[in-house]
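Trainee: So that we are looking at the same thing, I have put the structure below in structure tokens.
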Amino acid sequence: MRIVLLGAPGSGKGTQAALLQEQLDLPHVSTGVLLRTAVKNQTGLGLKAKAIMDRGELVPDDVMLKLIEERLGQPDAANGFILDGYPRNLSQAESLDALLERLGQPVDEAIQIDVKAEQVVARIAKRASEEGRSDDSEEVVCKRLRVYEEQTAPVVGYYAERGLLSRVLGEGAIDEVLQRIRGVLQMSKGS
Ligand code: B4P
């Protein structure tokens, strides 16, 4: 199964994808994690991406496509994956479709996790105090939320038009949200 998780920063995409990975035995492919690993290892990509991420902006589409193409070409992704953080704008959504068509692996399900803006701000503030991620400061989070509204929110419509979108409420306990997502996946498997 090929699943795309969508939602604002702090909506719980990464949190839910990590749990689904264990339960569905599918790799969790997070572009945020791939980028943070590149930053940590000081690779060419990491050096380029760090300043962009620290400003809360999006890393260029061509760089991201190369990264995702390389990752989805690995053997563990051959039977499906959970994509978290990609696509983040309409151009990435189109590139992903073209790539998956080439691989003969179209998206089966896109799930939008809905959380109110006040909640995402509170969650990220909590994570900032616990983990100290350099893009979780108040100022950068405001920018990330603006980028989300302008560039990423339209991706929800892209999948809706293709009949692939489901929405779940991302508020409440982490396990409650997980059960809602599992319910959607169960329904789509049965349909
Ligand atoms: P990401 O790593 O994708 O950052 P994110 O949107 O904040 O999601 P994350 O997965 O970390 O957080 P989650 O919602 O799970 O991207 C970081 C940056 O990388 C971007 O700004 C951009 O610069 C770059 N980038 C990544 N992908 C890109 C792309 N495709 N193109 C260009 N640039 C790209 O969780 C947030 C917090 O909420 C956690 O602390 C969690 O514990 C908590 N939480 C989750 N569920 C909860 C619940 N139900 N109740 C309470 N708390 C909850």
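Residues are named by chain letter and number: chains run A, B, ... in the order of the structure tokens, numbers start at 1 in each chain, and ligands are numbered from 1 in the order shown.
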Give the strand (DSSP E or B) residues of range 155-191 of chain A, as assigned by DSSP on the backbone, as a ChimeraX atom specification.

Mentor: /A:165-169

Trainee: Restricting the output to all heavy atoms, write the selected residues as a compact mmCIF listing (two decimals), in the first residue's frame.

Mentor:
# COMPACT_ATOMS: atom_id res chain seq x y z
N LEU A 165 -8.49 11.16 -1.54
CA LEU A 165 -8.33 11.84 -0.25
C LEU A 165 -9.31 11.39 0.82
O LEU A 165 -10.50 11.25 0.56
CB LEU A 165 -8.50 13.36 -0.43
CG LEU A 165 -8.24 14.16 0.85
CD1 LEU A 165 -6.75 14.29 1.10
CD2 LEU A 165 -8.91 15.52 0.81
N SER A 166 -8.78 11.19 2.03
CA SER A 166 -9.62 11.04 3.22
C SER A 166 -9.11 12.04 4.24
O SER A 166 -7.93 12.41 4.21
CB SER A 166 -9.48 9.64 3.82
OG SER A 166 -9.91 8.68 2.89
N ARG A 167 -9.98 12.47 5.14
CA ARG A 167 -9.57 13.42 6.18
C ARG A 167 -9.83 12.79 7.53
O ARG A 167 -10.86 12.13 7.72
CB ARG A 167 -10.38 14.71 6.11
CG ARG A 167 -10.38 15.38 4.77
CD ARG A 167 -11.12 16.70 4.83
NE ARG A 167 -10.25 17.74 5.32
CZ ARG A 167 -9.86 18.79 4.57
NH1 ARG A 167 -10.30 18.91 3.33
NH2 ARG A 167 -9.06 19.70 5.06
N VAL A 168 -8.91 12.99 8.46
CA VAL A 168 -9.16 12.53 9.83
C VAL A 168 -8.87 13.68 10.78
O VAL A 168 -8.01 14.53 10.50
CB VAL A 168 -8.31 11.30 10.25
CG1 VAL A 168 -8.55 10.12 9.35
CG2 VAL A 168 -6.84 11.63 10.29
N LEU A 169 -9.57 13.68 11.90
CA LEU A 169 -9.32 14.69 12.94
C LEU A 169 -8.04 14.29 13.67
O LEU A 169 -7.91 13.16 14.15
CB LEU A 169 -10.51 14.73 13.89
CG LEU A 169 -10.39 15.70 15.06
CD1 LEU A 169 -10.34 17.15 14.57
CD2 LEU A 169 -11.56 15.52 16.03

Trainee: How would you write, as a PDB file with N, CA, C and O atoms, in the first residue's frame, the set of residues no farther than 7 Å from ligand 1 when counting only C-alpha atoms and all ligand atoms?

Mentor:
ATOM      1  N   ALA A   8      -0.641  20.107   8.383  1.00  0.00           N
ATOM      2  CA  ALA A   8       0.214  21.245   8.734  1.00  0.00           C
ATOM      3  C   ALA A   8       1.398  20.768   9.575  1.00  0.00           C
ATOM      4  O   ALA A   8       1.348  19.682  10.154  1.00  0.00           O
ATOM      5  N   PRO A   9       2.450  21.605   9.676  1.00  0.00           N
ATOM      6  CA  PRO A   9       3.523  21.290  10.625  1.00  0.00           C
ATOM      7  C   PRO A   9       2.890  21.090  12.002  1.00  0.00           C
ATOM      8  O   PRO A   9       2.011  21.859  12.396  1.00  0.00           O
ATOM      9  N   GLY A  10       3.277  20.037  12.694  1.00  0.00           N
ATOM     10  CA  GLY A  10       2.726  19.809  14.030  1.00  0.00           C
ATOM     11  C   GLY A  10       1.387  19.094  14.041  1.00  0.00           C
ATOM     12  O   GLY A  10       0.803  18.866  15.098  1.00  0.00           O
ATOM     13  N   SER A  11       0.889  18.686  12.867  1.00  0.00           N
ATOM     14  CA  SER A  11      -0.413  18.008  12.849  1.00  0.00           C
ATOM     15  C   SER A  11      -0.290  16.553  13.290  1.00  0.00           C
ATOM     16  O   SER A  11      -1.288  15.893  13.568  1.00  0.00           O
ATOM     17  N   GLY A  12       0.949  16.040  13.313  1.00  0.00           N
ATOM     18  CA  GLY A  12       1.158  14.668  13.772  1.00  0.00           C
ATOM     19  C   GLY A  12       1.519  13.689  12.669  1.00  0.00           C
ATOM     20  O   GLY A  12       1.507  12.478  12.891  1.00  0.00           O
ATOM     21  N   LYS A  13       1.880  14.205  11.485  1.00  0.00           N
ATOM     22  CA  LYS A  13       2.227  13.302  10.372  1.00  0.00           C
ATOM     23  C   LYS A  13       3.369  12.358  10.756  1.00  0.00           C
ATOM     24  O   LYS A  13       3.263  11.159  10.587  1.00  0.00           O
ATOM     25  N   GLY A  14       4.440  12.960  11.246  1.00  0.00           N
ATOM     26  CA  GLY A  14       5.623  12.157  11.593  1.00  0.00           C
ATOM     27  C   GLY A  14       5.315  11.173  12.702  1.00  0.00           C
ATOM     28  O   GLY A  14       5.745  10.009  12.669  1.00  0.00           O
ATOM     29  N   THR A  15       4.549  11.630  13.679  1.00  0.00           N
ATOM     30  CA  THR A  15       4.185  10.798  14.833  1.00  0.00           C
ATOM     31  C   THR A  15       3.364   9.592  14.372  1.00  0.00           C
ATOM     32  O   THR A  15       3.644   8.447  14.743  1.00  0.00           O
ATOM     33  N   GLN A  16       2.368   9.853  13.533  1.00  0.00           N
ATOM     34  CA  GLN A  16       1.485   8.771  13.079  1.00  0.00           C
ATOM     35  C   GLN A  16       2.206   7.843  12.097  1.00  0.00           C
ATOM     36  O   GLN A  16       2.023   6.622  12.149  1.00  0.00           O
ATOM     37  N   SER A  30      10.188   9.953   5.503  1.00  0.00           N
ATOM     38  CA  SER A  30       9.958  11.342   5.916  1.00  0.00           C
ATOM     39  C   SER A  30      11.025  12.227   5.284  1.00  0.00           C
ATOM     40  O   SER A  30      12.219  12.045   5.543  1.00  0.00           O
ATOM     41  N   THR A  31      10.590  13.178   4.448  1.00  0.00           N
ATOM     42  CA  THR A  31      11.592  14.059   3.834  1.00  0.00           C
ATOM     43  C   THR A  31      12.244  14.943   4.900  1.00  0.00           C
ATOM     44  O   THR A  31      13.415  15.289   4.779  1.00  0.00           O
ATOM     45  N   GLY A  32      11.490  15.292   5.955  1.00  0.00           N
ATOM     46  CA  GLY A  32      12.076  16.080   7.046  1.00  0.00           C
ATOM     47  C   GLY A  32      13.225  15.315   7.701  1.00  0.00           C
ATOM     48  O   GLY A  32      14.308  15.858   7.929  1.00  0.00           O
ATOM     49  N   VAL A  33      13.002  14.017   7.968  1.00  0.00           N
ATOM     50  CA  VAL A  33      14.052  13.195   8.597  1.00  0.00           C
ATOM     51  C   VAL A  33      15.242  13.048   7.643  1.00  0.00           C
ATOM     52  O   VAL A  33      16.403  13.172   8.050  1.00  0.00           O
ATOM     53  N   LEU A  35      16.217  15.077   5.363  1.00  0.00           N
ATOM     54  CA  LEU A  35      16.957  16.350   5.324  1.00  0.00           C
ATOM     55  C   LEU A  35      17.738  16.575   6.616  1.00  0.00           C
ATOM     56  O   LEU A  35      18.901  16.989   6.577  1.00  0.00           O
ATOM     57  N   ILE A  52      17.908  26.975   4.550  1.00  0.00           N
ATOM     58  CA  ILE A  52      16.532  27.075   4.039  1.00  0.00           C
ATOM     59  C   ILE A  52      15.560  26.579   5.109  1.00  0.00           C
ATOM     60  O   ILE A  52      14.537  27.206   5.401  1.00  0.00           O
ATOM     61  N   MET A  53      15.878  25.430   5.705  1.00  0.00           N
ATOM     62  CA  MET A  53      14.999  24.863   6.739  1.00  0.00           C
ATOM     63  C   MET A  53      14.931  25.798   7.949  1.00  0.00           C
ATOM     64  O   MET A  53      13.866  25.989   8.528  1.00  0.00           O
ATOM     65  N   GLY A  56      12.433  28.285   7.593  1.00  0.00           N
ATOM     66  CA  GLY A  56      11.053  27.787   7.493  1.00  0.00           C
ATOM     67  C   GLY A  56      10.555  27.722   6.068  1.00  0.00           C
ATOM     68  O   GLY A  56       9.358  27.617   5.816  1.00  0.00           O
ATOM     69  N   GLU A  57      11.491  27.792   5.109  1.00  0.00           N
ATOM     70  CA  GLU A  57      11.089  27.756   3.696  1.00  0.00           C
ATOM     71  C   GLU A  57      11.236  26.338   3.143  1.00  0.00           C
ATOM     72  O   GLU A  57      11.764  25.462   3.819  1.00  0.00           O
ATOM     73  N   LEU A  58      10.796  26.156   1.894  1.00  0.00           N
ATOM     74  CA  LEU A  58      10.892  24.828   1.286  1.00  0.00           C
ATOM     75  C   LEU A  58      12.200  24.690   0.512  1.00  0.00           C
ATOM     76  O   LEU A  58      12.607  25.599  -0.217  1.00  0.00           O
ATOM     77  N   VAL A  59      12.820  23.547   0.649  1.00  0.00           N
ATOM     78  CA  VAL A  59      14.023  23.200  -0.114  1.00  0.00           C
ATOM     79  C   VAL A  59      13.575  23.067  -1.588  1.00  0.00           C
ATOM     80  O   VAL A  59      12.455  22.593  -1.850  1.00  0.00           O
ATOM     81  N   PRO A  60      14.405  23.507  -2.565  1.00  0.00           N
ATOM     82  CA  PRO A  60      13.959  23.492  -3.972  1.00  0.00           C
ATOM     83  C   PRO A  60      13.426  22.133  -4.447  1.00  0.00           C
ATOM     84  O   PRO A  60      13.934  21.081  -4.057  1.00  0.00           O
ATOM     85  N   ASP A  61      12.432  22.215  -5.327  1.00  0.00           N
ATOM     86  CA  ASP A  61      11.740  21.009  -5.801  1.00  0.00           C
ATOM     87  C   ASP A  61      12.686  20.011  -6.479  1.00  0.00           C
ATOM     88  O   ASP A  61      12.534  18.799  -6.307  1.00  0.00           O
ATOM     89  N   MET A  64      14.553  18.050  -3.891  1.00  0.00           N
ATOM     90  CA  MET A  64      13.669  17.118  -3.183  1.00  0.00           C
ATOM     91  C   MET A  64      13.308  15.921  -4.066  1.00  0.00           C
ATOM     92  O   MET A  64      13.224  14.796  -3.590  1.00  0.00           O
ATOM     93  N   ASP A  84       5.712  10.956   4.333  1.00  0.00           N
ATOM     94  CA  ASP A  84       5.430  11.997   5.327  1.00  0.00           C
ATOM     95  C   ASP A  84       6.256  13.233   4.966  1.00  0.00           C
ATOM     96  O   ASP A  84       7.480  13.186   5.000  1.00  0.00           O
ATOM     97  N   GLY A  85       5.579  14.303   4.562  1.00  0.00           N
ATOM     98  CA  GLY A  85       6.303  15.549   4.247  1.00  0.00           C
ATOM     99  C   GLY A  85       6.513  15.768   2.765  1.00  0.00           C
ATOM    100  O   GLY A  85       7.070  16.787   2.368  1.00  0.00           O
ATOM    101  N   TYR A  86       6.088  14.841   1.959  1.00  0.00           N
ATOM    102  CA  TYR A  86       6.204  14.950   0.501  1.00  0.00           C
ATOM    103  C   TYR A  86       4.948  14.368  -0.118  1.00  0.00           C
ATOM    104  O   TYR A  86       4.565  13.269   0.280  1.00  0.00           O
ATOM    105  N   PRO A  87       4.279  15.014  -1.036  1.00  0.00           N
ATOM    106  CA  PRO A  87       4.605  16.284  -1.666  1.00  0.00           C
ATOM    107  C   PRO A  87       4.166  17.489  -0.820  1.00  0.00           C
ATOM    108  O   PRO A  87       3.205  17.412  -0.070  1.00  0.00           O
ATOM    109  N   ARG A  88       4.887  18.607  -0.985  1.00  0.00           N
ATOM    110  CA  ARG A  88       4.612  19.793  -0.183  1.00  0.00           C
ATOM    111  C   ARG A  88       4.136  20.962  -1.026  1.00  0.00           C
ATOM    112  O   ARG A  88       3.909  22.036  -0.500  1.00  0.00           O
ATOM    113  N   VAL A 120      -1.527  23.305  16.771  1.00  0.00           N
ATOM    114  CA  VAL A 120      -0.224  22.993  16.189  1.00  0.00           C
ATOM    115  C   VAL A 120       0.843  23.907  16.777  1.00  0.00           C
ATOM    116  O   VAL A 120       1.973  23.477  17.054  1.00  0.00           O
ATOM    117  N   ARG A 123       1.702  22.488  20.176  1.00  0.00           N
ATOM    118  CA  ARG A 123       2.491  21.238  20.083  1.00  0.00           C
ATOM    119  C   ARG A 123       3.943  21.530  19.711  1.00  0.00           C
ATOM    120  O   ARG A 123       4.866  20.942  20.272  1.00  0.00           O
ATOM    121  N   ILE A 124       4.119  22.442  18.755  1.00  0.00           N
ATOM    122  CA  ILE A 124       5.495  22.713  18.321  1.00  0.00           C
ATOM    123  C   ILE A 124       6.259  23.455  19.419  1.00  0.00           C
ATOM    124  O   ILE A 124       7.450  23.216  19.624  1.00  0.00           O
ATOM    125  N   LYS A 126       5.889  22.963  22.528  1.00  0.00           N
ATOM    126  CA  LYS A 126       6.259  21.910  23.481  1.00  0.00           C
ATOM    127  C   LYS A 126       7.488  21.159  22.950  1.00  0.00           C
ATOM    128  O   LYS A 126       8.443  20.901  23.682  1.00  0.00           O
ATOM    129  N   ARG A 127       7.445  20.813  21.650  1.00  0.00           N
ATOM    130  CA  ARG A 127       8.582  20.084  21.072  1.00  0.00           C
ATOM    131  C   ARG A 127       9.846  20.946  21.124  1.00  0.00           C
ATOM    132  O   ARG A 127      10.937  20.442  21.374  1.00  0.00           O
ATOM    133  N   ARG A 144       6.584  28.758   8.764  1.00  0.00           N
ATOM    134  CA  ARG A 144       6.255  27.428   8.240  1.00  0.00           C
ATOM    135  C   ARG A 144       4.752  27.276   8.050  1.00  0.00           C
ATOM    136  O   ARG A 144       4.294  26.648   7.103  1.00  0.00           O
ATOM    137  N   GLY A 170      -7.090  15.242  13.730  1.00  0.00           N
ATOM    138  CA  GLY A 170      -5.796  14.934  14.357  1.00  0.00           C
ATOM    139  C   GLY A 170      -5.720  15.368  15.811  1.00  0.00           C
ATOM    140  O   GLY A 170      -4.640  15.364  16.395  1.00  0.00           O
ATOM    141  N   GLU A 171      -6.866  15.745  16.384  1.00  0.00           N
ATOM    142  CA  GLU A 171      -6.867  16.166  17.794  1.00  0.00           C
ATOM    143  C   GLU A 171      -7.277  15.003  18.679  1.00  0.00           C
ATOM    144  O   GLU A 171      -7.912  14.067  18.220  1.00  0.00           O
ATOM    145  N   GLY A 172      -6.888  15.093  19.954  1.00  0.00           N
ATOM    146  CA  GLY A 172      -7.138  13.988  20.882  1.00  0.00           C
ATOM    147  C   GLY A 172      -5.845  13.218  21.092  1.00  0.00           C
ATOM    148  O   GLY A 172      -4.780  13.638  20.620  1.00  0.00           O
ATOM    149  N   ALA A 173      -5.954  12.071  21.766  1.00  0.00           N
ATOM    150  CA  ALA A 173      -4.743  11.293  22.081  1.00  0.00           C
ATOM    151  C   ALA A 173      -4.128  10.710  20.804  1.00  0.00           C
ATOM    152  O   ALA A 173      -4.846  10.446  19.824  1.00  0.00           O
ATOM    153  N   ILE A 174      -2.811  10.514  20.824  1.00  0.00           N
ATOM    154  CA  ILE A 174      -2.101   9.989  19.651  1.00  0.00           C
ATOM    155  C   ILE A 174      -2.720   8.665  19.191  1.00  0.00           C
ATOM    156  O   ILE A 174      -2.925   8.435  17.997  1.00  0.00           O
ATOM    157  N   VAL A 177      -6.023   9.132  17.275  1.00  0.00           N
ATOM    158  CA  VAL A 177      -5.786   9.573  15.891  1.00  0.00           C
ATOM    159  C   VAL A 177      -5.354   8.364  15.048  1.00  0.00           C
ATOM    160  O   VAL A 177      -5.839   8.160  13.934  1.00  0.00           O
TER     161      VAL A 177
END

Trainee: Record the distance separating CA of Thr152 in chain A and CA of Thr37 in chain A, expressed in Å with one decimal.

Mentor: 22.6 Å

Trainee: Grab the CA of Phe81 in chain A to CA of His28 in chain A distance for me, in Å with one decimal place.

Mentor: 6.2 Å

Trainee: With distances taken over only C-alpha atoms, which residue among A:Gln119, A:Gln105, A:Asn89, A:Gln21 lies nearest Leu65 in chain A?

Mentor: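 Of all the options, A:Asn89 lies closest to Leu65 in chain A.
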
Trainee: At what distance in Å, to one decimal, does CA of Gly7 in chain A lie from CA of Arg102 in chain A?

Mentor: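 Computing it gives 26.3 Å between the two atoms.
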
Trainee: Select, from A:Leu6, A:Ala51, A:Leu100, A:Leu24, the residue with the minimum atom-to-atom distance to Asp135 in chain A, counting only C-alpha atoms.

Mentor: A:Ala51

Trainee: Per DSSP on the backbone, filter range 15-182 of chain A down to the residues in helix (DSSP H, G or I) and report them as a VMD selection string.

Mentor: chain A and resid 15 to 24 31 to 40 44 to 54 61 to 72 75 to 77 90 to 103 117 to 131 138 to 161 174 to 182

Trainee: Could you dump the residues just selected with C-alpha atoms as an mmCIF file, in the first residue's frame?

Mentor:
data_model
loop_
_atom_site.group_PDB
_atom_site.id
_atom_site.type_symbol
_atom_site.label_atom_id
_atom_site.label_comp_id
_atom_site.auth_asym_id
_atom_site.auth_seq_id
_atom_site.Cartn_x
_atom_site.Cartn_y
_atom_site.Cartn_z
ATOM 1 C CA THR A 15 4.185 10.798 14.833
ATOM 2 C CA GLN A 16 1.485 8.771 13.079
ATOM 3 C CA ALA A 17 3.742 7.582 10.250
ATOM 4 C CA ALA A 18 6.200 6.132 12.771
ATOM 5 C CA LEU A 19 3.382 4.132 14.416
ATOM 6 C CA LEU A 20 1.896 3.012 11.100
ATOM 7 C CA GLN A 21 5.322 1.846 9.961
ATOM 8 C CA GLU A 22 5.398 -0.709 12.780
ATOM 9 C CA GLN A 23 1.802 -1.814 12.417
ATOM 10 C CA LEU A 24 1.704 -2.089 8.621
ATOM 11 C CA THR A 31 11.592 14.059 3.834
ATOM 12 C CA GLY A 32 12.076 16.080 7.046
ATOM 13 C CA VAL A 33 14.052 13.195 8.597
ATOM 14 C CA LEU A 34 16.060 12.652 5.370
ATOM 15 C CA LEU A 35 16.957 16.350 5.324
ATOM 16 C CA ARG A 36 17.820 16.519 9.038
ATOM 17 C CA THR A 37 20.070 13.452 8.624
ATOM 18 C CA ALA A 38 21.829 15.157 5.689
ATOM 19 C CA VAL A 39 22.292 18.299 7.824
ATOM 20 C CA LYS A 40 23.703 16.250 10.707
ATOM 21 C CA GLY A 44 26.409 18.677 0.258
ATOM 22 C CA LEU A 45 22.630 18.481 0.418
ATOM 23 C CA GLY A 46 22.652 19.078 4.172
ATOM 24 C CA LEU A 47 24.840 22.171 3.863
ATOM 25 C CA LYS A 48 22.500 23.554 1.203
ATOM 26 C CA ALA A 49 19.276 22.648 3.045
ATOM 27 C CA LYS A 50 20.118 23.842 6.558
ATOM 28 C CA ALA A 51 19.759 27.585 6.013
ATOM 29 C CA ILE A 52 16.532 27.075 4.039
ATOM 30 C CA MET A 53 14.999 24.863 6.739
ATOM 31 C CA ASP A 54 16.077 27.268 9.477
ATOM 32 C CA ASP A 61 11.740 21.009 -5.801
ATOM 33 C CA ASP A 62 14.539 19.565 -7.986
ATOM 34 C CA VAL A 63 16.635 18.756 -4.905
ATOM 35 C CA MET A 64 13.669 17.118 -3.183
ATOM 36 C CA LEU A 65 12.734 15.089 -6.254
ATOM 37 C CA LYS A 66 16.240 13.653 -6.467
ATOM 38 C CA LEU A 67 16.118 12.756 -2.777
ATOM 39 C CA ILE A 68 12.708 11.084 -2.944
ATOM 40 C CA GLU A 69 13.505 9.277 -6.194
ATOM 41 C CA GLU A 70 16.598 7.788 -4.606
ATOM 42 C CA ARG A 71 14.700 6.758 -1.461
ATOM 43 C CA LEU A 72 11.672 5.233 -3.200
ATOM 44 C CA PRO A 75 14.252 -2.319 -2.222
ATOM 45 C CA ASP A 76 12.335 -1.813 1.056
ATOM 46 C CA ALA A 77 9.942 0.587 -0.713
ATOM 47 C CA LEU A 90 1.530 21.122 -6.441
ATOM 48 C CA SER A 91 4.693 20.802 -8.480
ATOM 49 C CA GLN A 92 5.976 18.082 -6.091
ATOM 50 C CA ALA A 93 2.590 16.312 -6.300
ATOM 51 C CA GLU A 94 2.859 16.195 -10.101
ATOM 52 C CA SER A 95 6.491 15.036 -9.999
ATOM 53 C CA LEU A 96 5.588 12.314 -7.520
ATOM 54 C CA ASP A 97 2.785 11.047 -9.750
ATOM 55 C CA ALA A 98 5.151 10.918 -12.727
ATOM 56 C CA LEU A 99 7.798 9.091 -10.683
ATOM 57 C CA LEU A 100 5.316 6.570 -9.260
ATOM 58 C CA GLU A 101 3.850 5.968 -12.696
ATOM 59 C CA ARG A 102 7.345 5.105 -13.929
ATOM 60 C CA LEU A 103 7.770 2.731 -10.982
ATOM 61 C CA ALA A 117 -3.826 26.287 14.210
ATOM 62 C CA GLU A 118 -3.734 27.000 18.001
ATOM 63 C CA GLN A 119 -3.096 23.312 18.644
ATOM 64 C CA VAL A 120 -0.224 22.993 16.189
ATOM 65 C CA VAL A 121 1.434 26.095 17.621
ATOM 66 C CA ALA A 122 1.133 24.653 21.152
ATOM 67 C CA ARG A 123 2.491 21.238 20.083
ATOM 68 C CA ILE A 124 5.495 22.713 18.321
ATOM 69 C CA ALA A 125 6.219 25.022 21.283
ATOM 70 C CA LYS A 126 6.259 21.910 23.481
ATOM 71 C CA ARG A 127 8.582 20.084 21.072
ATOM 72 C CA ALA A 128 10.850 23.163 20.927
ATOM 73 C CA SER A 129 11.271 23.046 24.700
ATOM 74 C CA GLU A 130 11.893 19.264 24.681
ATOM 75 C CA GLU A 131 14.008 18.733 21.554
ATOM 76 C CA GLU A 138 8.111 30.844 17.357
ATOM 77 C CA GLU A 139 9.166 33.072 14.464
ATOM 78 C CA VAL A 140 10.117 30.173 12.161
ATOM 79 C CA VAL A 141 6.968 28.226 13.045
ATOM 80 C CA CYS A 142 4.823 31.220 11.949
ATOM 81 C CA LYS A 143 6.681 31.218 8.645
ATOM 82 C CA ARG A 144 6.255 27.428 8.240
ATOM 83 C CA LEU A 145 2.523 27.751 8.829
ATOM 84 C CA ARG A 146 2.302 30.528 6.188
ATOM 85 C CA VAL A 147 4.254 28.387 3.714
ATOM 86 C CA TYR A 148 1.904 25.496 4.518
ATOM 87 C CA GLU A 149 -1.239 27.573 3.814
ATOM 88 C CA GLU A 150 0.145 29.036 0.586
ATOM 89 C CA GLN A 151 1.929 26.052 -0.924
ATOM 90 C CA THR A 152 0.989 22.785 0.783
ATOM 91 C CA ALA A 153 -2.743 23.189 1.503
ATOM 92 C CA PRO A 154 -3.580 23.092 -2.266
ATOM 93 C CA VAL A 155 -2.113 19.568 -2.409
ATOM 94 C CA VAL A 156 -5.176 18.396 -0.443
ATOM 95 C CA GLY A 157 -7.386 19.471 -3.386
ATOM 96 C CA TYR A 158 -5.049 17.726 -5.824
ATOM 97 C CA TYR A 159 -5.707 14.339 -4.179
ATOM 98 C CA ALA A 160 -9.409 15.089 -3.611
ATOM 99 C CA GLU A 161 -9.858 15.684 -7.360
ATOM 100 C CA ILE A 174 -2.101 9.989 19.651
ATOM 101 C CA ASP A 175 -3.664 6.501 19.786
ATOM 102 C CA GLU A 176 -7.147 7.860 19.006
ATOM 103 C CA VAL A 177 -5.786 9.573 15.891
ATOM 104 C CA LEU A 178 -4.016 6.340 14.918
ATOM 105 C CA GLN A 179 -7.279 4.388 15.197
ATOM 106 C CA ARG A 180 -9.023 6.929 12.933
ATOM 107 C CA ILE A 181 -6.305 6.515 10.301
ATOM 108 C CA ARG A 182 -6.454 2.731 10.581
#

Trainee: Counting only C-alpha atoms, what is within 10 Å of Leu185 in chain A, bar same-chain residues fewer than 5 positions away, as a list of chain:residue names?

Mentor: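 Using only C-alpha atoms, the neighbours found are A:Met1, A:Ile3, A:Asp108, A:Glu109, A:Ala110, A:Ile111, A:Ser166, A:Gln179, A:Arg180, A:Gly190, A:Ser191.
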
Trainee: Measuring atom to atom with only C-alpha atoms, identify which of A:Pro106, A:Gly132, A:Asp114, A:Met187 is nearest to Arg162 in chain A.

Mentor: A:Pro106
